[in-house]
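Below is one structure, written out as structure tokens; comments come after it.
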Amino acid sequence: MAALAHVSRIRSLYKRILVLHRFLPIHLRALGDQYVKEEFRRHKSATPEEVKSFLTEWENYKDTLQAQVLQSAGRQSSTVMFGADLPEEKLGQFQDEQIGQLYELMLESTKPNKQFDIHEDSR
């Protein structure tokens, strides 16, 4: 029964993040959705300790993004900033692979020419 509750909690978090991504600019949404899907897939076979840390960080991400989305309501999308600075002490806890992923994500999210050619629905 506990395993079912755990799976339900993870699925709920995953879905909530994807819903929040709908409020991001289209290029960030595509990048964010792809990253979330890969990370959740990658952690299906993680150890209990890794899962605890994983869930904590994604809950923090969800809370931060939710606050930013609510704060941005009614503003022009060009004036809204999403994201947060990463403290140095937290960066020091990352494994080399995580630092590499973070660097790739930073490069992708700051590209002047977006990788995704997606147009917003004008309905």
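Identifiers for the structure tokens are assigned positionally: chains receive A, B, ... in sequence, residues are indexed from 1 per chain, and ligands are indexed from 1 in the order shown.
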
- Pick out each residue of chain A that DSSP on the backbone tags as helix (DSSP H, G or I); I need them as an NGL selection string. :A and (2-21 or 26-42 or 48-72 or 77-79 or 88-91 or 96-109)

- Message: Residues within 12 Å of Thr64 of chain A, please, as a VMD selection string. Count only C-alpha atoms; anything in the same chain fewer than 5 positions from it doesn't count.
- Response: chain A and resid 17 20 57 to 59 69 to 71 81 to 85

Residues of segment 16-88 of chain A that approach segment 100-106 of chain A to 10 Å or less, counting only C-alpha atoms: could you list each one with the shortest pair of atoms and its distance in Å to one decimal, rows by chain and increasing residue number, as a tab-separated table?
```
residue	atom	partner	partner_atom	distance
A:Leu31	CA	A:Leu105	CA	8.4
A:Gly32	CA	A:Leu105	CA	9.3
A:Tyr35	CA	A:Leu105	CA	8.4
```

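Compared by their closest atoms to Asp63 of chain A, and using only C-alpha atoms, the residues A:Ala3, A:Leu13, A:Leu86, A:Ile26 rank with A:Leu13 nearest.
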
- Got a sec: who's within 12 Å of Lys44 of chain A, counting only C-alpha atoms, leaving out chain neighbours fewer than 6 positions off, as a ChimeraX atom specification? /A:6-7,10-11,37-38,50-51,54-55

File of the preceding selection, N, CA, C and O atoms, as a PDB file, in the first residue's frame:
```pdb
ATOM      1  N   HIS A   6       3.401   6.063  -2.801  1.00  0.00           N
ATOM      2  CA  HIS A   6       4.641   6.661  -3.294  1.00  0.00           C
ATOM      3  C   HIS A   6       4.541   6.925  -4.801  1.00  0.00           C
ATOM      4  O   HIS A   6       4.875   8.020  -5.266  1.00  0.00           O
ATOM      5  N   VAL A   7       4.074   5.948  -5.546  1.00  0.00           N
ATOM      6  CA  VAL A   7       3.924   6.087  -6.998  1.00  0.00           C
ATOM      7  C   VAL A   7       2.926   7.204  -7.312  1.00  0.00           C
ATOM      8  O   VAL A   7       3.149   8.021  -8.200  1.00  0.00           O
ATOM      9  N   ILE A  10       4.573  10.611  -6.772  1.00  0.00           N
ATOM     10  CA  ILE A  10       5.510  10.934  -7.855  1.00  0.00           C
ATOM     11  C   ILE A  10       4.746  11.319  -9.116  1.00  0.00           C
ATOM     12  O   ILE A  10       5.066  12.311  -9.766  1.00  0.00           O
ATOM     13  N   ARG A  11       3.725  10.565  -9.449  1.00  0.00           N
ATOM     14  CA  ARG A  11       2.926  10.844 -10.646  1.00  0.00           C
ATOM     15  C   ARG A  11       2.239  12.213 -10.533  1.00  0.00           C
ATOM     16  O   ARG A  11       2.191  12.974 -11.487  1.00  0.00           O
ATOM     17  N   LYS A  37      10.665  14.886 -18.312  1.00  0.00           N
ATOM     18  CA  LYS A  37      10.363  13.509 -18.730  1.00  0.00           C
ATOM     19  C   LYS A  37      11.612  12.637 -18.647  1.00  0.00           C
ATOM     20  O   LYS A  37      11.560  11.513 -18.147  1.00  0.00           O
ATOM     21  N   GLU A  38      12.747  13.156 -19.111  1.00  0.00           N
ATOM     22  CA  GLU A  38      13.994  12.381 -19.069  1.00  0.00           C
ATOM     23  C   GLU A  38      14.442  12.126 -17.634  1.00  0.00           C
ATOM     24  O   GLU A  38      14.865  11.022 -17.295  1.00  0.00           O
ATOM     25  N   GLU A  50      18.496   8.396  -3.084  1.00  0.00           N
ATOM     26  CA  GLU A  50      18.446   9.243  -4.278  1.00  0.00           C
ATOM     27  C   GLU A  50      17.024   9.735  -4.535  1.00  0.00           C
ATOM     28  O   GLU A  50      16.819  10.893  -4.910  1.00  0.00           O
ATOM     29  N   VAL A  51      16.053   8.862  -4.313  1.00  0.00           N
ATOM     30  CA  VAL A  51      14.652   9.229  -4.526  1.00  0.00           C
ATOM     31  C   VAL A  51      14.234  10.343  -3.579  1.00  0.00           C
ATOM     32  O   VAL A  51      13.551  11.290  -3.973  1.00  0.00           O
ATOM     33  N   PHE A  54      15.800  13.489  -4.858  1.00  0.00           N
ATOM     34  CA  PHE A  54      15.142  13.788  -6.132  1.00  0.00           C
ATOM     35  C   PHE A  54      13.793  14.446  -5.902  1.00  0.00           C
ATOM     36  O   PHE A  54      13.498  15.502  -6.476  1.00  0.00           O
ATOM     37  N   LEU A  55      12.972  13.847  -5.050  1.00  0.00           N
ATOM     38  CA  LEU A  55      11.638  14.387  -4.775  1.00  0.00           C
ATOM     39  C   LEU A  55      11.711  15.751  -4.091  1.00  0.00           C
ATOM     40  O   LEU A  55      10.928  16.652  -4.420  1.00  0.00           O
TER      41      LEU A  55
END
```

- Please provide the set of residues having any atom within 9 Å of His21 of chain A, restricted to only C-alpha atoms, with same-chain residues fewer than 3 positions apart removed, written as a list in words.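 The contact residues come out as Arg16, Ile17, Leu18, Leu24, Pro25, Ile26, Leu28, Arg29, Ala30, Gly32, Asp33 and Leu65 of chain A.
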
Filtering to C-alpha atoms, could you give me those residues as a PDB file, in the first residue's frame?
```pdb
ATOM      1  CA  ARG A  16       1.745  19.217 -11.769  1.00  0.00           C
ATOM      2  CA  ILE A  17       5.129  20.271 -13.150  1.00  0.00           C
ATOM      3  CA  LEU A  18       3.979  19.649 -16.724  1.00  0.00           C
ATOM      4  CA  LEU A  24       6.254  29.172 -19.620  1.00  0.00           C
ATOM      5  CA  PRO A  25       7.301  30.765 -22.909  1.00  0.00           C
ATOM      6  CA  ILE A  26       6.904  28.123 -25.615  1.00  0.00           C
ATOM      7  CA  LEU A  28      11.190  27.008 -22.357  1.00  0.00           C
ATOM      8  CA  ARG A  29       8.115  24.809 -22.096  1.00  0.00           C
ATOM      9  CA  ALA A  30       9.404  22.428 -24.768  1.00  0.00           C
ATOM     10  CA  GLY A  32      11.394  21.905 -19.654  1.00  0.00           C
ATOM     11  CA  ASP A  33       8.955  19.176 -20.631  1.00  0.00           C
ATOM     12  CA  LEU A  65       7.687  27.759 -10.528  1.00  0.00           C
TER      13      LEU A  65
END
```
